[in-house]
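Shown next, in structure tokens, is the structure this report addresses.
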Amino acid sequence: PSGLGFTVVNSEKDPKRPGGALVSQVDPKSTAASKGLQLGDLIVAVNGETVENQHEFDGIVEKIQNGSLAFLLVWRNDEKFHLGLVREK
């Protein structure tokens, strides 16, 4: 678990979309869910750092202290949007 209310896996390579970490599970009681993060969303950056896979996502999130903000760049249906979440335990 990322401490952000969702879990990611590596996304399959697809020339029609960017690399990133694929959202595989969202806790329905989490802030991520209430802010609209969905299964299948692609996390392409965290706090301005590009994410190409689950390993990179985990490495970036690991450095974020509990209670601190994580700014995600999310790709869904050929559109990107930002989402701010607070890291919890």
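Chain labels A, B, ... are given in the sequence in which chains occur in the structure tokens; within each chain residues are numbered consecutively from 1, and ligands are likewise numbered from 1 in the order shown.
Backbone DSSP assigns helix (DSSP H, G or I) in segment 47-84 of chain A to A:Gln54, A:His55, A:Glu56, A:Phe57, A:Asp58, A:Gly59, A:Ile60, A:Val61, A:Glu62.
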With N, CA and C atoms kept, could you save the residues just selected as a PDB file, in the first residue's frame?
```pdb
ATOM      1  N   GLN A  54       5.855   0.760 -11.489  1.00  0.00           N
ATOM      2  CA  GLN A  54       5.522   0.623 -10.075  1.00  0.00           C
ATOM      3  C   GLN A  54       6.741   0.881  -9.191  1.00  0.00           C
ATOM      4  N   HIS A  55       7.888   0.389  -9.594  1.00  0.00           N
ATOM      5  CA  HIS A  55       9.112   0.560  -8.801  1.00  0.00           C
ATOM      6  C   HIS A  55       9.438   2.042  -8.596  1.00  0.00           C
ATOM      7  N   GLU A  56       9.360   2.828  -9.669  1.00  0.00           N
ATOM      8  CA  GLU A  56       9.631   4.265  -9.560  1.00  0.00           C
ATOM      9  C   GLU A  56       8.579   4.945  -8.681  1.00  0.00           C
ATOM     10  N   PHE A  57       7.304   4.573  -8.854  1.00  0.00           N
ATOM     11  CA  PHE A  57       6.236   5.135  -8.026  1.00  0.00           C
ATOM     12  C   PHE A  57       6.525   4.860  -6.551  1.00  0.00           C
ATOM     13  N   ASP A  58       6.814   3.594  -6.226  1.00  0.00           N
ATOM     14  CA  ASP A  58       7.076   3.225  -4.837  1.00  0.00           C
ATOM     15  C   ASP A  58       8.265   3.998  -4.268  1.00  0.00           C
ATOM     16  N   GLY A  59       9.322   4.159  -5.066  1.00  0.00           N
ATOM     17  CA  GLY A  59      10.514   4.879  -4.612  1.00  0.00           C
ATOM     18  C   GLY A  59      10.241   6.341  -4.300  1.00  0.00           C
ATOM     19  N   ILE A  60       9.418   6.979  -5.105  1.00  0.00           N
ATOM     20  CA  ILE A  60       9.084   8.391  -4.881  1.00  0.00           C
ATOM     21  C   ILE A  60       8.173   8.532  -3.667  1.00  0.00           C
ATOM     22  N   VAL A  61       7.144   7.707  -3.598  1.00  0.00           N
ATOM     23  CA  VAL A  61       6.174   7.800  -2.500  1.00  0.00           C
ATOM     24  C   VAL A  61       6.831   7.468  -1.162  1.00  0.00           C
ATOM     25  N   GLU A  62       7.790   6.549  -1.184  1.00  0.00           N
ATOM     26  CA  GLU A  62       8.504   6.158   0.029  1.00  0.00           C
ATOM     27  C   GLU A  62       9.185   7.360   0.696  1.00  0.00           C
TER      28      GLU A  62
END
```
Secondary structure check, strand (DSSP E) residues of chain A, as a ChimeraX atom specification: /A:6-10,21-26,42-46,49-50,69-76,79-86
N, CA and C atoms of the current selection, written as a short mmCIF file (atom, residue, chain, number, x, y, z; two decimals), in the first residue's frame:
```cif
data_model
loop_
_atom_site.label_atom_id
_atom_site.label_comp_id
_atom_site.auth_asym_id
_atom_site.auth_seq_id
_atom_site.Cartn_x
_atom_site.Cartn_y
_atom_site.Cartn_z
N PHE A 6 -4.50 3.89 -2.38
CA PHE A 6 -4.62 3.08 -3.59
C PHE A 6 -3.34 2.28 -3.81
N THR A 7 -3.43 1.29 -4.67
CA THR A 7 -2.32 0.41 -5.00
C THR A 7 -2.08 0.48 -6.51
N VAL A 8 -0.81 0.35 -6.91
CA VAL A 8 -0.47 0.38 -8.34
C VAL A 8 0.29 -0.89 -8.73
N VAL A 9 0.26 -1.16 -10.03
CA VAL A 9 1.05 -2.24 -10.64
C VAL A 9 1.71 -1.65 -11.90
N ASN A 10 2.64 -2.39 -12.47
CA ASN A 10 3.23 -1.95 -13.73
C ASN A 10 2.18 -1.97 -14.83
N ALA A 21 2.46 4.10 -13.62
CA ALA A 21 2.04 3.06 -12.69
C ALA A 21 0.51 2.99 -12.75
N LEU A 22 -0.01 1.81 -13.02
CA LEU A 22 -1.44 1.61 -13.21
C LEU A 22 -2.14 1.40 -11.87
N VAL A 23 -3.19 2.15 -11.62
CA VAL A 23 -3.96 1.99 -10.38
C VAL A 23 -4.73 0.68 -10.47
N SER A 24 -4.42 -0.24 -9.52
CA SER A 24 -5.03 -1.57 -9.54
C SER A 24 -6.09 -1.74 -8.46
N GLN A 25 -6.06 -0.85 -7.46
CA GLN A 25 -7.03 -0.94 -6.37
C GLN A 25 -7.15 0.42 -5.71
N VAL A 26 -8.37 0.82 -5.39
CA VAL A 26 -8.62 2.08 -4.68
C VAL A 26 -9.46 1.76 -3.45
N LEU A 42 -3.74 5.96 -14.74
CA LEU A 42 -2.31 5.81 -14.88
C LEU A 42 -1.62 6.98 -14.19
N ILE A 43 -0.80 6.69 -13.19
CA ILE A 43 -0.03 7.73 -12.50
C ILE A 43 1.24 7.95 -13.30
N VAL A 44 1.40 9.15 -13.89
CA VAL A 44 2.56 9.41 -14.74
C VAL A 44 3.61 10.28 -14.07
N ALA A 45 3.24 10.92 -12.93
CA ALA A 45 4.22 11.71 -12.17
C ALA A 45 3.72 11.89 -10.74
N VAL A 46 4.69 11.99 -9.82
CA VAL A 46 4.39 12.28 -8.42
C VAL A 46 5.32 13.41 -8.00
N GLU A 49 8.03 14.40 -10.38
CA GLU A 49 8.97 13.38 -10.85
C GLU A 49 8.22 12.38 -11.73
N THR A 50 8.75 12.14 -12.92
CA THR A 50 8.12 11.21 -13.86
C THR A 50 8.13 9.79 -13.30
N LEU A 69 1.91 16.30 1.53
CA LEU A 69 1.14 16.24 0.28
C LEU A 69 1.89 15.49 -0.81
N ALA A 70 1.13 14.76 -1.60
CA ALA A 70 1.63 14.12 -2.80
C ALA A 70 0.80 14.65 -3.96
N PHE A 71 1.45 15.28 -4.92
CA PHE A 71 0.74 15.80 -6.09
C PHE A 71 0.93 14.82 -7.24
N LEU A 72 -0.17 14.24 -7.68
CA LEU A 72 -0.14 13.23 -8.73
C LEU A 72 -0.55 13.84 -10.07
N LEU A 73 0.12 13.42 -11.12
CA LEU A 73 -0.32 13.70 -12.48
C LEU A 73 -0.90 12.39 -12.99
N VAL A 74 -2.21 12.41 -13.29
CA VAL A 74 -2.95 11.21 -13.63
C VAL A 74 -3.38 11.28 -15.09
N TRP A 75 -3.25 10.15 -15.79
CA TRP A 75 -3.67 10.05 -17.19
C TRP A 75 -4.87 9.13 -17.27
N ARG A 76 -5.96 9.64 -17.87
CA ARG A 76 -7.18 8.84 -18.05
C ARG A 76 -7.83 9.24 -19.37
N GLU A 79 -6.43 12.09 -21.42
CA GLU A 79 -6.37 13.39 -20.76
C GLU A 79 -5.59 13.27 -19.47
N LYS A 80 -4.88 14.34 -19.11
CA LYS A 80 -4.11 14.37 -17.87
C LYS A 80 -4.76 15.36 -16.91
N PHE A 81 -4.71 15.04 -15.62
CA PHE A 81 -5.20 15.96 -14.60
C PHE A 81 -4.38 15.78 -13.33
N HIS A 82 -4.41 16.79 -12.49
CA HIS A 82 -3.66 16.76 -11.22
C HIS A 82 -4.57 16.38 -10.07
N LEU A 83 -3.99 15.70 -9.11
CA LEU A 83 -4.74 15.29 -7.93
C LEU A 83 -3.79 15.39 -6.73
N GLY A 84 -4.21 16.11 -5.69
CA GLY A 84 -3.41 16.26 -4.48
C GLY A 84 -3.95 15.38 -3.37
N LEU A 85 -3.08 14.59 -2.76
CA LEU A 85 -3.47 13.70 -1.67
C LEU A 85 -2.47 13.83 -0.52
N VAL A 86 -2.93 13.58 0.69
CA VAL A 86 -2.05 13.57 1.86
C VAL A 86 -1.67 12.13 2.15
#
```
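Nearest to Ser30 of chain A of all the residues A:Gly5, A:Asn66, A:Asn77, A:Lys89 is A:Gly5, counting only C-alpha atoms.
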Can you pull out the residues contacting Arg17 of chain A? Cut-off 9 Å, using only C-alpha atoms, and skip same-chain residues under 2 positions away; I want them as an mmCIF file with all heavy atoms, in the first residue's frame.
```cif
data_model
loop_
_atom_site.group_PDB
_atom_site.id
_atom_site.type_symbol
_atom_site.label_atom_id
_atom_site.label_comp_id
_atom_site.auth_asym_id
_atom_site.auth_seq_id
_atom_site.Cartn_x
_atom_site.Cartn_y
_atom_site.Cartn_z
ATOM 1 N N LYS A 13 3.070 -2.053 -21.777
ATOM 2 C CA LYS A 13 3.539 -1.087 -22.776
ATOM 3 C C LYS A 13 2.460 -0.890 -23.839
ATOM 4 O O LYS A 13 1.900 -1.849 -24.344
ATOM 5 C CB LYS A 13 4.831 -1.565 -23.434
ATOM 6 C CG LYS A 13 5.980 -1.754 -22.478
ATOM 7 C CD LYS A 13 6.546 -0.431 -22.034
ATOM 8 C CE LYS A 13 7.735 -0.644 -21.120
ATOM 9 N NZ LYS A 13 8.128 0.540 -20.406
ATOM 10 N N ASP A 14 2.171 0.352 -24.114
ATOM 11 C CA ASP A 14 1.164 0.685 -25.121
ATOM 12 C C ASP A 14 1.599 1.983 -25.784
ATOM 13 O O ASP A 14 1.713 3.006 -25.112
ATOM 14 C CB ASP A 14 -0.206 0.858 -24.456
ATOM 15 C CG ASP A 14 -1.325 1.106 -25.453
ATOM 16 O OD1 ASP A 14 -1.046 1.510 -26.605
ATOM 17 O OD2 ASP A 14 -2.488 0.915 -25.069
ATOM 18 N N PRO A 15 1.864 1.959 -27.104
ATOM 19 C CA PRO A 15 2.333 3.177 -27.775
ATOM 20 C C PRO A 15 1.304 4.311 -27.765
ATOM 21 O O PRO A 15 1.638 5.451 -28.031
ATOM 22 C CB PRO A 15 2.619 2.704 -29.202
ATOM 23 C CG PRO A 15 1.847 1.434 -29.364
ATOM 24 C CD PRO A 15 1.736 0.829 -28.001
ATOM 25 N N GLY A 19 4.096 5.943 -20.283
ATOM 26 C CA GLY A 19 4.450 4.980 -19.245
ATOM 27 C C GLY A 19 3.892 5.476 -17.921
ATOM 28 O O GLY A 19 3.505 6.636 -17.782
ATOM 29 N N TRP A 75 -3.248 10.154 -15.791
ATOM 30 C CA TRP A 75 -3.667 10.054 -17.194
ATOM 31 C C TRP A 75 -4.866 9.131 -17.267
ATOM 32 O O TRP A 75 -4.838 8.017 -16.748
ATOM 33 C CB TRP A 75 -2.515 9.500 -18.017
ATOM 34 C CG TRP A 75 -2.732 9.503 -19.496
ATOM 35 C CD1 TRP A 75 -2.462 10.519 -20.359
ATOM 36 C CD2 TRP A 75 -3.240 8.437 -20.296
ATOM 37 N NE1 TRP A 75 -2.772 10.144 -21.642
ATOM 38 C CE2 TRP A 75 -3.259 8.863 -21.636
ATOM 39 C CE3 TRP A 75 -3.693 7.156 -20.011
ATOM 40 C CZ2 TRP A 75 -3.691 8.070 -22.676
ATOM 41 C CZ3 TRP A 75 -4.142 6.357 -21.053
ATOM 42 C CH2 TRP A 75 -4.133 6.822 -22.364
ATOM 43 N N ASP A 78 -6.884 9.566 -22.471
ATOM 44 C CA ASP A 78 -6.128 10.537 -23.278
ATOM 45 C C ASP A 78 -6.100 11.936 -22.684
ATOM 46 O O ASP A 78 -5.788 12.900 -23.386
ATOM 47 C CB ASP A 78 -6.663 10.609 -24.718
ATOM 48 C CG ASP A 78 -6.438 9.306 -25.463
ATOM 49 O OD1 ASP A 78 -5.420 8.632 -25.200
ATOM 50 O OD2 ASP A 78 -7.278 8.952 -26.309
#
```
Computed interatomic separation between atom CA of Lys29 of chain A and atom CA of Ser11 of chain A (Å): 24.4 Å
Atomic separation - atom CA of Gly36 of chain A relative to atom CA of Pro18 of chain A, Å: 20.3 Å
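Straight-line separation from atom CA of Lys35 of chain A to atom CA of Gly48 of chain A: 19.4 Å.
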